[in-house]
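Here's input04.pdb, which has PDB, C-alpha atoms:
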```
MODEL        1
ATOM      1  CA  MET A  54      42.821 -35.603 -12.316
ATOM      2  CA  LEU A  55      41.213 -38.123  -9.981
ATOM      3  CA  TYR A  56      39.701 -41.137 -11.756
ATOM      4  CA  PHE A  57      38.606 -43.181  -8.745
ATOM      5  CA  LYS A  58      38.009 -42.515  -5.081
ATOM      6  CA  GLU A  59      36.568 -44.818  -2.430
ATOM      7  CA  GLU A  60      36.305 -44.748   1.346
ATOM      8  CA  GLN A  61      35.195 -47.770   3.375
ATOM      9  CA  ARG A  62      34.578 -48.309   7.081
ATOM     10  CA  PHE A  63      33.493 -51.080   9.411
ATOM     11  CA  ASP A  64      29.900 -49.859   9.590
ATOM     12  CA  GLN A  65      27.988 -53.078   9.016
ATOM     13  CA  TRP A  66      25.059 -53.752  11.351
ATOM     14  CA  TRP A  67      26.519 -57.058  12.559
ATOM     15  CA  VAL A  68      29.853 -55.431  13.541
ATOM     16  CA  ARG A  69      27.960 -52.873  15.597
ATOM     17  CA  GLY A  70      25.825 -55.657  17.087
ATOM     18  CA  VAL A  71      28.840 -57.719  18.167
ATOM     19  CA  LEU A  72      30.488 -54.660  19.712
ATOM     20  CA  ILE A  73      27.345 -53.569  21.544
ATOM     21  CA  PHE A  74      26.813 -57.100  22.919
ATOM     22  CA  THR A  75      30.472 -57.408  23.983
ATOM     23  CA  ASN A  76      30.534 -53.932  25.536
ATOM     24  CA  LEU A  77      27.316 -54.501  27.475
ATOM     25  CA  THR A  78      28.436 -57.930  28.696
ATOM     26  CA  ILE A  79      31.747 -56.621  30.022
ATOM     27  CA  ILE A  80      30.230 -53.469  31.533
ATOM     28  CA  ILE A  81      27.458 -55.417  33.274
ATOM     29  CA  MET A  82      29.913 -58.033  34.566
ATOM     30  CA  PHE A  83      32.318 -55.483  36.082
ATOM     31  CA  THR A  84      29.514 -53.269  37.393
ATOM     32  CA  ASN A  85      28.039 -56.320  39.153
ATOM     33  CA  ALA A  86      31.448 -57.348  40.489
ATOM     34  CA  LEU A  87      32.292 -53.879  41.807
ATOM     35  CA  TYR A  88      28.839 -53.377  43.327
ATOM     36  CA  THR A  89      28.820 -56.806  44.961
ATOM     37  CA  GLN A  90      32.312 -56.568  46.406
ATOM     38  CA  LEU A  91      32.698 -52.845  47.175
ATOM     39  CA  ILE A  92      29.145 -51.740  48.052
ATOM     40  CA  LEU A  93      27.580 -54.916  49.459
ATOM     41  CA  GLY A  94      30.849 -56.110  50.974
ATOM     42  CA  GLU A  95      30.405 -59.650  49.656
ATOM     43  CA  PRO A  96      33.309 -61.395  47.888
ATOM     44  CA  TRP A  97      32.681 -61.681  44.164
ATOM     45  CA  GLY A  98      33.379 -65.072  42.559
ATOM     46  CA  ASP A  99      34.758 -68.392  43.843
ATOM     47  CA  LYS A 100      38.261 -67.008  44.309
ATOM     48  CA  PRO A 101      37.739 -63.285  44.904
ATOM     49  CA  MET A 102      40.574 -60.862  44.384
ATOM     50  CA  SER A 103      41.318 -57.874  46.562
ATOM     51  CA  ASP A 104      39.292 -54.709  46.093
ATOM     52  CA  MET A 105      42.268 -52.919  44.557
ATOM     53  CA  LYS A 106      42.939 -55.721  42.075
ATOM     54  CA  LEU A 107      39.252 -55.787  41.103
ATOM     55  CA  ILE A 108      39.241 -52.021  40.561
ATOM     56  CA  GLY A 109      42.499 -52.262  38.582
ATOM     57  CA  LEU A 110      41.199 -55.112  36.418
ATOM     58  CA  SER A 111      37.984 -53.167  35.779
ATOM     59  CA  LEU A 112      39.940 -50.082  34.699
ATOM     60  CA  VAL A 113      42.350 -52.030  32.481
ATOM     61  CA  SER A 114      39.472 -53.963  30.873
ATOM     62  CA  THR A 115      37.560 -50.736  30.243
ATOM     63  CA  ALA A 116      40.642 -49.142  28.663
ATOM     64  CA  ILE A 117      41.187 -52.173  26.403
ATOM     65  CA  LEU A 118      37.505 -52.190  25.442
ATOM     66  CA  ALA A 119      37.637 -48.469  24.613
ATOM     67  CA  GLY A 120      40.789 -49.012  22.550
ATOM     68  CA  VAL A 121      39.246 -51.847  20.542
ATOM     69  CA  ASN A 122      36.095 -49.782  19.932
ATOM     70  CA  TRP A 123      38.188 -46.808  18.814
ATOM     71  CA  LEU A 124      40.305 -48.979  16.506
ATOM     72  CA  ILE A 125      37.289 -50.554  14.820
ATOM     73  CA  PHE A 126      35.227 -47.377  14.468
ATOM     74  CA  SER A 127      38.118 -45.169  13.360
ATOM     75  CA  SER A 128      39.402 -47.692  10.807
ATOM     76  CA  LYS A 129      39.023 -46.381   7.292
ATOM     77  CA  LEU A 130      40.304 -47.789   3.997
ATOM     78  CA  GLU A 131      40.788 -45.111   1.369
ATOM     79  CA  THR A 132      41.738 -45.738  -2.244
ATOM     80  CA  LYS A 133      42.441 -43.110  -4.901
ATOM     81  CA  ILE A 134      43.574 -43.636  -8.469
ATOM     82  CA  ASP A 135      44.695 -40.919 -10.846
ATOM     83  CA  LYS A 136      46.666 -41.096 -14.083
ATOM     84  CA  GLN A 137      49.991 -41.497 -12.214
ATOM     85  CA  TYR A 138      49.375 -43.441  -8.999
ATOM     86  CA  ILE A 139      47.248 -45.836  -7.040
ATOM     87  CA  ARG A 140      47.170 -44.345  -3.549
ATOM     88  CA  TYR A 141      45.866 -46.053  -0.437
ATOM     89  CA  ARG A 142      45.879 -45.792   3.316
ATOM     90  CA  TYR A 143      44.248 -47.735   6.108
ATOM     91  CA  PHE A 144      43.881 -45.393   9.047
ATOM     92  CA  PRO A 145      45.027 -45.748  11.848
ATOM     93  CA  ILE A 146      47.353 -48.638  10.885
ATOM     94  CA  ILE A 147      48.685 -46.939   7.738
ATOM     95  CA  PRO A 148      48.052 -43.241   8.466
ATOM     96  CA  LYS A 149      50.093 -41.825   5.572
ATOM     97  CA  TRP A 150      49.238 -42.353   1.925
ATOM     98  CA  LYS A 151      51.168 -45.119   0.157
ATOM     99  CA  LYS A 152      51.461 -44.812  -3.582
ATOM    100  CA  LEU A 153      52.169 -47.196  -6.411
ATOM    101  CA  SER A 154      52.913 -46.199  -9.979
ATOM    102  CA  ARG A 155      52.477 -48.328 -13.094
ATOM    103  CA  ASP A 156      56.217 -48.996 -12.938
ATOM    104  CA  ASP A 157      55.797 -50.673  -9.524
ATOM    105  CA  LEU A 158      53.280 -53.197 -10.872
ATOM    106  CA  LEU A 159      53.410 -56.428 -12.824
ATOM    107  CA  LYS A 160      49.649 -57.005 -12.826
ATOM    108  CA  ALA A 161      46.459 -55.347 -11.604
ATOM    109  CA  TRP A 162      42.882 -56.566 -11.872
ATOM    110  CA  VAL A 163      39.598 -56.571  -9.984
ATOM    111  CA  ARG A 164      38.625 -59.971  -8.646
ATOM    112  CA  LYS A 165      36.308 -61.838  -6.338
ATOM    113  CA  TYR A 166      38.086 -63.342  -3.326
ATOM    114  CA  SER A 167      37.302 -65.226  -0.133
ATOM    115  CA  PRO A 168      38.103 -63.022   2.869
ATOM    116  CA  ILE A 169      37.857 -65.909   5.335
ATOM    117  CA  PHE A 170      39.725 -68.606   3.417
ATOM    118  CA  GLU A 171      42.324 -66.435   1.693
ATOM    119  CA  TYR A 172      43.007 -63.812   4.376
ATOM    120  CA  ARG A 173      41.403 -65.098   7.585
ATOM    121  CA  GLY A 174      38.897 -62.246   7.689
ATOM    122  CA  TRP A 175      38.640 -58.514   7.163
ATOM    123  CA  GLY A 176      40.865 -55.647   8.241
ATOM    124  CA  TYR A 177      44.618 -55.271   7.765
ATOM    125  CA  ARG A 178      45.626 -58.816   6.889
ATOM    126  CA  VAL A 179      49.160 -60.124   6.252
ATOM    127  CA  SER A 180      50.022 -63.655   5.116
ATOM    128  CA  LEU A 181      52.408 -65.758   7.194
ATOM    129  CA  GLY A 182      55.363 -65.091   4.901
ATOM    130  CA  GLY A 183      54.480 -61.409   4.651
ATOM    131  CA  LYS A 184      54.353 -61.499   0.822
ATOM    132  CA  ASN A 185      50.582 -61.080   0.593
ATOM    133  CA  LYS A 186      48.551 -58.311   2.204
ATOM    134  CA  ALA A 187      44.864 -57.518   2.114
ATOM    135  CA  LEU A 188      43.258 -54.282   3.249
ATOM    136  CA  ASN A 189      39.496 -54.618   3.421
ATOM    137  CA  THR A 190      36.463 -53.740   5.521
ATOM    138  CA  ARG A 191      33.674 -55.783   3.971
ATOM    139  CA  GLY A 192      32.583 -57.772   0.969
ATOM    140  CA  ASN A 193      34.485 -60.073  -1.355
ATOM    141  CA  MET A 194      35.633 -57.893  -4.242
ATOM    142  CA  GLY A 195      39.020 -56.260  -4.469
ATOM    143  CA  LEU A 196      41.756 -54.770  -6.581
ATOM    144  CA  GLN A 197      44.528 -57.377  -6.781
ATOM    145  CA  LEU A 198      47.966 -55.883  -7.332
ATOM    146  CA  VAL A 199      51.105 -57.902  -8.059
ATOM    147  CA  LEU A 200      54.205 -55.809  -7.507
ATOM    148  CA  LYS A 201      57.493 -56.210  -9.352
ATOM    149  CA  ASN A 202      59.034 -57.702  -6.200
ATOM    150  CA  ASN A 203      56.320 -60.430  -6.458
ATOM    151  CA  LYS A 204      54.515 -59.209  -3.347
ATOM    152  CA  ARG A 205      50.749 -59.068  -3.598
ATOM    153  CA  LEU A 206      48.366 -56.445  -2.267
ATOM    154  CA  LEU A 207      44.588 -56.686  -2.337
ATOM    155  CA  LEU A 208      42.547 -53.529  -1.742
ATOM    156  CA  GLY A 209      38.899 -54.265  -1.003
ATOM    157  CA  THR A 210      36.256 -52.388  -2.969
ATOM    158  CA  GLN A 211      32.523 -51.808  -2.979
ATOM    159  CA  LYS A 212      32.737 -50.340  -6.498
ATOM    160  CA  PRO A 213      34.101 -53.227  -8.600
ATOM    161  CA  GLU A 214      32.647 -52.179 -11.971
ATOM    162  CA  GLU A 215      33.884 -48.605 -11.726
ATOM    163  CA  LEU A 216      37.269 -49.857 -10.517
ATOM    164  CA  LYS A 217      37.553 -52.332 -13.445
ATOM    165  CA  ARG A 218      37.135 -49.502 -15.917
ATOM    166  CA  VAL A 219      39.595 -47.217 -14.127
ATOM    167  CA  ILE A 220      42.267 -49.877 -13.595
ATOM    168  CA  SER A 221      42.196 -50.882 -17.266
ATOM    169  CA  GLU A 222      42.851 -47.225 -18.185
ATOM    170  CA  PHE A 223      45.554 -46.951 -15.525
ATOM    171  CA  MET A 224      47.350 -50.082 -16.722
ATOM    172  CA  GLU A 225      46.864 -49.351 -20.444
ATOM    173  CA  PRO A 226      50.421 -48.116 -21.164
ATOM    174  CA  LEU A 227      51.792 -51.530 -20.139
ATOM    175  CA  GLN A 228      51.803 -54.445 -22.511
ATOM    176  CA  PRO A 229      48.420 -56.257 -22.488
ATOM    177  CA  GLU A 230      49.965 -59.546 -21.355
ATOM    178  CA  THR A 231      51.290 -57.945 -18.152
ATOM    179  CA  TYR A 232      47.926 -57.578 -16.453
ATOM    180  CA  GLY A 233      44.960 -59.835 -15.844
TER     181      GLY A 233
ENDMDL
END
```

Same coordinates, now as structure tokens:
Amino acid sequence: MLYFKEEQRFDQWWVRGVLIFTNLTIIIMFTNALYTQLILGEPWGDKPMSDMKLIGLSLVSTAILAGVNWLIFSSKLETKIDKQYIRYRYFPIIPKWKKLSRDDLLKAWVRKYSPIFEYRGWGYRVSLGGKNKALNTRGNMGLQLVLKNNKRLLLGTQKPEELKRVISEFMEPLQPETYG
């Protein structure tokens, strides 16, 4: 039986705005450069490169831009909790479901956090020592998990109240002092 299910994406208006602005800026710049140098026959820039290098740079930049757009718009954090496991994946970085049982956990609780100060932003975030990970797409609420190996995992949520109820039921068989 599934107690909790959540799917989150990078679909905020400001993310789309930044991507649209960046895409348009790069497309306009390379279109201008190619038109100026290849069609008008005028060197583009103070230190123009050869036509082939300009075409190559335009193609590589377009491919990188397409890849970044694909990565951001295909990213999806999914969390599922049933009576046995907390399952999560962060496509395309973690394409297969990872699962944690009660026995894998020391503590689990829903908390408010600072994405910028604690994890340097949103997305798939790993601390310098690799002990702490955060998977999030927006907001400042998450399910904090402390594993028995003392590693920490934070799964962002847009449903903190529902998740609080479900996680207390999930953790119930453990001793009360083992979770926050």

If you apply the PyMOL selection byres ((chain A and resi 157) around 10) to this file, what residues do you get, as a PDB file with C-alpha atoms, in the frame of the given file?
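Printed below is part_28.pdb as written:
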```pdb
ATOM      1  CA  TYR A 138      49.375 -43.441  -8.999  1.00  0.00           C
ATOM      2  CA  LYS A 152      51.461 -44.812  -3.582  1.00  0.00           C
ATOM      3  CA  LEU A 153      52.169 -47.196  -6.411  1.00  0.00           C
ATOM      4  CA  SER A 154      52.913 -46.199  -9.979  1.00  0.00           C
ATOM      5  CA  ARG A 155      52.477 -48.328 -13.094  1.00  0.00           C
ATOM      6  CA  ASP A 156      56.217 -48.996 -12.938  1.00  0.00           C
ATOM      7  CA  LEU A 158      53.280 -53.197 -10.872  1.00  0.00           C
ATOM      8  CA  LEU A 159      53.410 -56.428 -12.824  1.00  0.00           C
ATOM      9  CA  LYS A 160      49.649 -57.005 -12.826  1.00  0.00           C
ATOM     10  CA  LEU A 198      47.966 -55.883  -7.332  1.00  0.00           C
ATOM     11  CA  VAL A 199      51.105 -57.902  -8.059  1.00  0.00           C
ATOM     12  CA  LEU A 200      54.205 -55.809  -7.507  1.00  0.00           C
ATOM     13  CA  LYS A 201      57.493 -56.210  -9.352  1.00  0.00           C
ATOM     14  CA  ASN A 202      59.034 -57.702  -6.200  1.00  0.00           C
TER      15      ASN A 202
END
```

Review point. Can you list what the PyMOL selection byres ((chain A and resi 164) around 9) grabs from this structure, as a list in words?
Key: Trp162, Val163, Lys165, Tyr166, Asn193, Met194, Gly195, Leu196, Gln197 and Pro213 of chain A

**Study point:** Matched chain/residue IDs from the PyMOL selection byres ((chain A and resi 142) around 9), as a list in words
**Key:** Lys129, Leu130, Glu131, Thr132, Arg140, Tyr141, Tyr143, Phe144, Pro145, Ile146, Ile147, Pro148, Lys149, Trp150, Lys151, Lys152 and Leu188 of chain A

Review point. For A:Lys184, which residue out of A:Met105, A:Leu206, A:Ile117, A:Ile92 is the nearest one, using only C-alpha atoms?
Key: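 Distance minimum relative to A:Lys184 lands on A:Leu206.
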
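Separating atom CA of A:Pro96 from atom CA of A:Ile73 is a distance of 28.1 Å.
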
Review point. Between atom CA of A:Arg69 and atom CA of A:Leu107, what is the spacing in Å?
Key: 28.0 Å

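Using all atoms listed in the file, the shortest contact distance between A:Phe126 and any of A:Ser111, A:Gln65, A:Ser180, A:Thr89 is found at A:Gln65.
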
Some atoms are absent from stretch 108-142 of chain A, so rebuild N, CA and C atoms and return them as a PDB file, keeping the file's coordinate frame.
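And here's rebuild32.pdb as it stands now:
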```pdb
ATOM      1  N   ILE A 108      39.344 -53.367  41.144  1.00  0.00           N
ATOM      2  CA  ILE A 108      39.241 -52.021  40.561  1.00  0.00           C
ATOM      3  C   ILE A 108      40.246 -51.884  39.408  1.00  0.00           C
ATOM      4  N   GLY A 109      41.472 -52.332  39.632  1.00  0.00           N
ATOM      5  CA  GLY A 109      42.499 -52.262  38.582  1.00  0.00           C
ATOM      6  C   GLY A 109      42.116 -53.051  37.345  1.00  0.00           C
ATOM      7  N   LEU A 110      41.623 -54.279  37.550  1.00  0.00           N
ATOM      8  CA  LEU A 110      41.199 -55.112  36.418  1.00  0.00           C
ATOM      9  C   LEU A 110      40.040 -54.460  35.670  1.00  0.00           C
ATOM     10  N   SER A 111      39.117 -53.857  36.406  1.00  0.00           N
ATOM     11  CA  SER A 111      37.984 -53.167  35.779  1.00  0.00           C
ATOM     12  C   SER A 111      38.467 -52.002  34.925  1.00  0.00           C
ATOM     13  N   LEU A 112      39.414 -51.226  35.445  1.00  0.00           N
ATOM     14  CA  LEU A 112      39.940 -50.082  34.699  1.00  0.00           C
ATOM     15  C   LEU A 112      40.723 -50.519  33.461  1.00  0.00           C
ATOM     16  N   VAL A 113      41.567 -51.528  33.616  1.00  0.00           N
ATOM     17  CA  VAL A 113      42.350 -52.030  32.481  1.00  0.00           C
ATOM     18  C   VAL A 113      41.412 -52.608  31.412  1.00  0.00           C
ATOM     19  N   SER A 114      40.429 -53.379  31.827  1.00  0.00           N
ATOM     20  CA  SER A 114      39.472 -53.963  30.873  1.00  0.00           C
ATOM     21  C   SER A 114      38.688 -52.880  30.144  1.00  0.00           C
ATOM     22  N   THR A 115      38.288 -51.850  30.857  1.00  0.00           N
ATOM     23  CA  THR A 115      37.560 -50.736  30.243  1.00  0.00           C
ATOM     24  C   THR A 115      38.445 -50.013  29.228  1.00  0.00           C
ATOM     25  N   ALA A 116      39.709 -49.810  29.580  1.00  0.00           N
ATOM     26  CA  ALA A 116      40.642 -49.142  28.663  1.00  0.00           C
ATOM     27  C   ALA A 116      40.856 -49.978  27.396  1.00  0.00           C
ATOM     28  N   ILE A 117      41.014 -51.287  27.560  1.00  0.00           N
ATOM     29  CA  ILE A 117      41.187 -52.173  26.403  1.00  0.00           C
ATOM     30  C   ILE A 117      39.934 -52.157  25.539  1.00  0.00           C
ATOM     31  N   LEU A 118      38.776 -52.230  26.166  1.00  0.00           N
ATOM     32  CA  LEU A 118      37.505 -52.190  25.442  1.00  0.00           C
ATOM     33  C   LEU A 118      37.365 -50.879  24.666  1.00  0.00           C
ATOM     34  N   ALA A 119      37.707 -49.769  25.292  1.00  0.00           N
ATOM     35  CA  ALA A 119      37.637 -48.469  24.613  1.00  0.00           C
ATOM     36  C   ALA A 119      38.606 -48.424  23.433  1.00  0.00           C
ATOM     37  N   GLY A 120      39.806 -48.986  23.631  1.00  0.00           N
ATOM     38  CA  GLY A 120      40.789 -49.012  22.550  1.00  0.00           C
ATOM     39  C   GLY A 120      40.333 -49.836  21.360  1.00  0.00           C
ATOM     40  N   VAL A 121      39.752 -50.988  21.624  1.00  0.00           N
ATOM     41  CA  VAL A 121      39.246 -51.847  20.542  1.00  0.00           C
ATOM     42  C   VAL A 121      38.108 -51.149  19.810  1.00  0.00           C
ATOM     43  N   ASN A 122      37.195 -50.524  20.556  1.00  0.00           N
ATOM     44  CA  ASN A 122      36.095 -49.782  19.932  1.00  0.00           C
ATOM     45  C   ASN A 122      36.632 -48.650  19.062  1.00  0.00           C
ATOM     46  N   TRP A 123      37.605 -47.903  19.582  1.00  0.00           N
ATOM     47  CA  TRP A 123      38.188 -46.808  18.814  1.00  0.00           C
ATOM     48  C   TRP A 123      38.844 -47.334  17.538  1.00  0.00           C
ATOM     49  N   LEU A 124      39.612 -48.421  17.668  1.00  0.00           N
ATOM     50  CA  LEU A 124      40.305 -48.979  16.506  1.00  0.00           C
ATOM     51  C   LEU A 124      39.320 -49.394  15.418  1.00  0.00           C
ATOM     52  N   ILE A 125      38.265 -50.076  15.807  1.00  0.00           N
ATOM     53  CA  ILE A 125      37.289 -50.554  14.820  1.00  0.00           C
ATOM     54  C   ILE A 125      36.524 -49.396  14.191  1.00  0.00           C
ATOM     55  N   PHE A 126      36.055 -48.455  15.015  1.00  0.00           N
ATOM     56  CA  PHE A 126      35.227 -47.377  14.468  1.00  0.00           C
ATOM     57  C   PHE A 126      36.023 -46.269  13.797  1.00  0.00           C
ATOM     58  N   SER A 127      37.313 -46.179  14.061  1.00  0.00           N
ATOM     59  CA  SER A 127      38.118 -45.169  13.360  1.00  0.00           C
ATOM     60  C   SER A 127      38.791 -45.749  12.118  1.00  0.00           C
ATOM     61  N   SER A 128      38.775 -47.071  11.975  1.00  0.00           N
ATOM     62  CA  SER A 128      39.402 -47.692  10.807  1.00  0.00           C
ATOM     63  C   SER A 128      38.717 -47.236   9.530  1.00  0.00           C
ATOM     64  N   LYS A 129      39.554 -46.879   8.556  1.00  0.00           N
ATOM     65  CA  LYS A 129      39.023 -46.381   7.292  1.00  0.00           C
ATOM     66  C   LYS A 129      39.994 -46.744   6.181  1.00  0.00           C
ATOM     67  N   LEU A 130      39.511 -47.470   5.187  1.00  0.00           N
ATOM     68  CA  LEU A 130      40.304 -47.789   3.997  1.00  0.00           C
ATOM     69  C   LEU A 130      39.949 -46.772   2.925  1.00  0.00           C
ATOM     70  N   GLU A 131      40.981 -46.086   2.436  1.00  0.00           N
ATOM     71  CA  GLU A 131      40.788 -45.111   1.369  1.00  0.00           C
ATOM     72  C   GLU A 131      41.646 -45.499   0.176  1.00  0.00           C
ATOM     73  N   THR A 132      41.044 -45.430  -0.997  1.00  0.00           N
ATOM     74  CA  THR A 132      41.738 -45.738  -2.244  1.00  0.00           C
ATOM     75  C   THR A 132      41.485 -44.603  -3.224  1.00  0.00           C
ATOM     76  N   LYS A 133      42.546 -44.143  -3.866  1.00  0.00           N
ATOM     77  CA  LYS A 133      42.441 -43.110  -4.901  1.00  0.00           C
ATOM     78  C   LYS A 133      43.305 -43.537  -6.071  1.00  0.00           C
ATOM     79  N   ILE A 134      42.801 -43.336  -7.265  1.00  0.00           N
ATOM     80  CA  ILE A 134      43.574 -43.636  -8.469  1.00  0.00           C
ATOM     81  C   ILE A 134      43.484 -42.438  -9.399  1.00  0.00           C
ATOM     82  N   ASP A 135      44.642 -41.956  -9.829  1.00  0.00           N
ATOM     83  CA  ASP A 135      44.695 -40.919 -10.846  1.00  0.00           C
ATOM     84  C   ASP A 135      45.547 -41.445 -11.999  1.00  0.00           C
ATOM     85  N   LYS A 136      45.928 -40.597 -12.924  1.00  0.00           N
ATOM     86  CA  LYS A 136      46.666 -41.096 -14.083  1.00  0.00           C
ATOM     87  C   LYS A 136      48.084 -41.526 -13.750  1.00  0.00           C
ATOM     88  N   GLN A 137      48.621 -41.136 -12.568  1.00  0.00           N
ATOM     89  CA  GLN A 137      49.991 -41.497 -12.214  1.00  0.00           C
ATOM     90  C   GLN A 137      50.102 -42.582 -11.144  1.00  0.00           C
ATOM     91  N   TYR A 138      49.197 -42.568 -10.159  1.00  0.00           N
ATOM     92  CA  TYR A 138      49.375 -43.441  -8.999  1.00  0.00           C
ATOM     93  C   TYR A 138      48.083 -44.095  -8.520  1.00  0.00           C
ATOM     94  N   ILE A 139      48.265 -45.244  -7.897  1.00  0.00           N
ATOM     95  CA  ILE A 139      47.248 -45.836  -7.040  1.00  0.00           C
ATOM     96  C   ILE A 139      47.696 -45.469  -5.629  1.00  0.00           C
ATOM     97  N   ARG A 140      46.853 -44.754  -4.928  1.00  0.00           N
ATOM     98  CA  ARG A 140      47.170 -44.345  -3.549  1.00  0.00           C
ATOM     99  C   ARG A 140      46.206 -45.054  -2.604  1.00  0.00           C
ATOM    100  N   TYR A 141      46.723 -45.419  -1.439  1.00  0.00           N
ATOM    101  CA  TYR A 141      45.866 -46.053  -0.437  1.00  0.00           C
ATOM    102  C   TYR A 141      46.405 -45.778   0.955  1.00  0.00           C
ATOM    103  N   ARG A 142      45.507 -45.819   1.903  1.00  0.00           N
ATOM    104  CA  ARG A 142      45.879 -45.792   3.316  1.00  0.00           C
ATOM    105  C   ARG A 142      44.779 -46.495   4.100  1.00  0.00           C
TER     106      ARG A 142
END
```
